[in-house]
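S.K.: Take a look at this one; I'll ask things after.
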Amino acid sequence: MSSNTESSVLNAPKAGTRWLWFHKLSSPPYAYRTSGVLRPWFLWSAVILLLVGTYGGLLLAPPDYQQKDSFRIIYVHVPSASMSLMVYVVMAVASAVGLIWRMKLAHALAAGCAAVGAWFSVLALFTGAFWGRPMWGTWWAWDPRVTSELIQLFLYLGFIALRSSFEDTQRADRASAILAIVGVVNVPVVKYSVIWWNSLHQGPSITLTGASIDSSMLWPLFVMLLAYALFFAAVMCDRLRVEILKRERNASWLADIGAKT
Amino acid sequence: MSVAEFFDMGGYAAYIWPCYALSLVVLVGIAVSARRSLAAEHTRALRRVQSNQEQAS
């Protein structure tokens with residue numbers, strides 16, 4: 001078993017303790033237990049922040065001087081759009097780690113990400129259409145931002161389809177990892193599309209140098225961004241555990257997982 | 001601001017509420033489906049462990 005040889009190498013006195021955390025984190029039983037402990041913290045802080053952010057966005061923030069109340073779509077549109085990119089980066093990095101260090105757990109994480117990322121892309125496109133209709137006068141435009149976000153959705157769907165075409169999990173892991181890594185080029189294209197090309201889509205409200213919107217409108221957006229990220233973390237705790245259970249079919253530690261999830 | 005004014009969203013109700021409604025449905029949906037598939041996979045794993053132990057004894 002490869003994991004046993006790895007552990008004996010890492011536990012050897014010469015290797016030191018520098019990589020011990022890495023080894024520990026990549027051990028399936030440890031990851032299984034840790035994600036079970038972390039999930040409620042992620043979930044409930046996400047729920048509280050979602051309520052606070054929605055209240056702030058719908059009731060406390062003033063209407064925009066140009067877009068009036070329609071701008072309030074920003075509080076569900078930007079978090080889902082930004083998560084559709086963030087999740088992909090997590091998926092691509094996990095895939096690369098899985099390929100380079102042959103770490104099963106990293107592949108498990110990547111496999112768990114795809115469907116959630118796809119749903120965030122769907123939400124970004126849907127809320128974008130419902131914002132575009134009153135502001136641009138159209139539900140859909142083949143605009144650089146919109147088109148590249150659609151490609152983002154297709155990358156997730158391609159990743160899922162490619163995985164399901166393999167019976168063998170290890171082969172599925174390797175093939176889909178390559179797709180995830182190649183596809184990561186689309187992330188900066190989506191992010192900078194509004195700057196690189198003349199786009200219908202408005203420019204970024206938040207940049208590294210500051211924000212172009214008032215703080216009364218900005219704080220609910222930050223709260224919602226954090227809420228979506230924590231929500232993703234909570235969902236991933238469950239999805240990672242599912243992937244671990246699928247991969248560790250006959251591992252002896254499964255006898256200790258307990259009767260309750 | 002009255003309740004009716006709030007729900008009217010300055011005339012943009014038809015655009016704002018579908019966005020919030022679908023976001024809620026999708027977020028709840030992905031959380032529930034993750035929970036359910038974990039429960040199913042967990043039951044399957046326990047059953048496998050049990051049958052392995054029975055074979056061993």
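Residue names in the structure tokens use chain letters A, B, ... in the order shown, residue numbers from 1 in each chain, and ligand numbers from 1 in the order shown.
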Check which residues of chain A sit at most 6 Å from chain B using only C-alpha atoms, and return one row each with the closest pair of atoms and their distance in Å to one decimal, ordered by chain and rising number, as CSV.
M.R.:
```
residue,atom,partner,partner_atom,distance
A:Asp69,CA,B:Gly10,CA,5.8
A:Ser70,CA,B:Tyr12,CA,5.7
A:Ile73,CA,B:Ile16,CA,5.8
A:Thr127,CA,B:Cys19,CA,5.2
A:Phe130,CA,B:Tyr15,CA,5.3
A:Val235,CA,B:Ala31,CA,5.6
A:Asp238,CA,B:Ala34,CA,5.8
A:Arg239,CA,B:Ala34,CA,5.7
A:Val242,CA,B:Leu38,CA,5.1
A:Ala255,CA,B:Val49,CA,5.9
```
S.K.: For the selection just defined, write its residues with C-alpha atoms to a file, as a PDB file, in the first residue's frame.
M.R.:
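Saved as again.pdb:
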```
ATOM      1  CA  ASP A  69     -33.625  49.117  -6.382  1.00  0.00           C
ATOM      2  CA  SER A  70     -32.632  46.746  -9.195  1.00  0.00           C
ATOM      3  CA  ILE A  73     -29.529  41.732  -7.239  1.00  0.00           C
ATOM      4  CA  THR A 127     -29.322  36.306 -11.663  1.00  0.00           C
ATOM      5  CA  PHE A 130     -32.655  38.944 -14.383  1.00  0.00           C
ATOM      6  CA  VAL A 235     -21.175  21.619   1.759  1.00  0.00           C
ATOM      7  CA  ASP A 238     -20.147  16.503   3.427  1.00  0.00           C
ATOM      8  CA  ARG A 239     -19.145  16.006  -0.195  1.00  0.00           C
ATOM      9  CA  VAL A 242     -18.881  11.023   0.469  1.00  0.00           C
ATOM     10  CA  ALA A 255     -15.126   0.150  11.425  1.00  0.00           C
TER      11      ALA A 255
END
```
S.K.: Mind pulling up the distance from CA of Val78 (chain A) to CA of Ser215 (chain A)?
M.R.: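 Interatomic distance here is 16.2 Å.
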S.K.: Could you jot down the CA of Ala106 (chain A) to CA of Trp21 (chain A) separation for me, Å, one decimal place?
M.R.: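 A separation of 14.7 Å between them.
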S.K.: Could you list, as a PyMOL selection string, every residue within 10 Å of Pro28 (chain A), counting only C-alpha atoms and ignoring same-chain residues fewer than 6 positions away?
M.R.: chain A and resi 34+104-105+108+240-241+244-245+247-248+251+253
S.K.: Would you give me, as a VMD selection string, the residues in region 119-238 of chain A that DSSP reads as strand (DSSP E)?
M.R.: chain A and resid 206 to 207 210 to 211
S.K.: Kindly save the residues from that selection, with C-alpha atoms included, as an mmCIF file, in the first residue's frame.
M.R.:
```
data_model
loop_
_atom_site.group_PDB
_atom_site.id
_atom_site.type_symbol
_atom_site.label_atom_id
_atom_site.label_comp_id
_atom_site.auth_asym_id
_atom_site.auth_seq_id
_atom_site.Cartn_x
_atom_site.Cartn_y
_atom_site.Cartn_z
ATOM 1 C CA ILE A 206 -14.372 46.181 -5.705
ATOM 2 C CA THR A 207 -10.726 46.302 -6.784
ATOM 3 C CA GLY A 210 -10.662 50.293 -3.212
ATOM 4 C CA ALA A 211 -14.374 50.156 -3.906
#
```
S.K.: Taking the DSSP secondary structure from the backbone, can you list the residues of region 171-228 of chain A that are alpha helix (DSSP H), as a PyMOL selection string?
M.R.: chain A and resi 171-183+186-196+215-228
S.K.: Just how far from CA of Leu25 (chain A) is CA of Leu157 (chain A), in Å to one decimal?
M.R.: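 Computing it gives 28.5 Å between the two atoms.
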S.K.: Could you check which of A:Thr147, A:Leu230, A:Arg249, A:Met135 is closest to Pro40 (chain A), using only C-alpha atoms?
M.R.: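 Looking at the shortest contact to Pro40 (chain A), the residue is A:Leu230.
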S.K.: Let me make sure I understand: among A:Ser148, A:Ser80, A:Thr209, A:Ser164, which one has the smallest atom-to-atom distance to Leu123 (chain A) if we use only C-alpha atoms?
M.R.: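 Closest to Leu123 (chain A), using only C-alpha atoms: A:Ser80.
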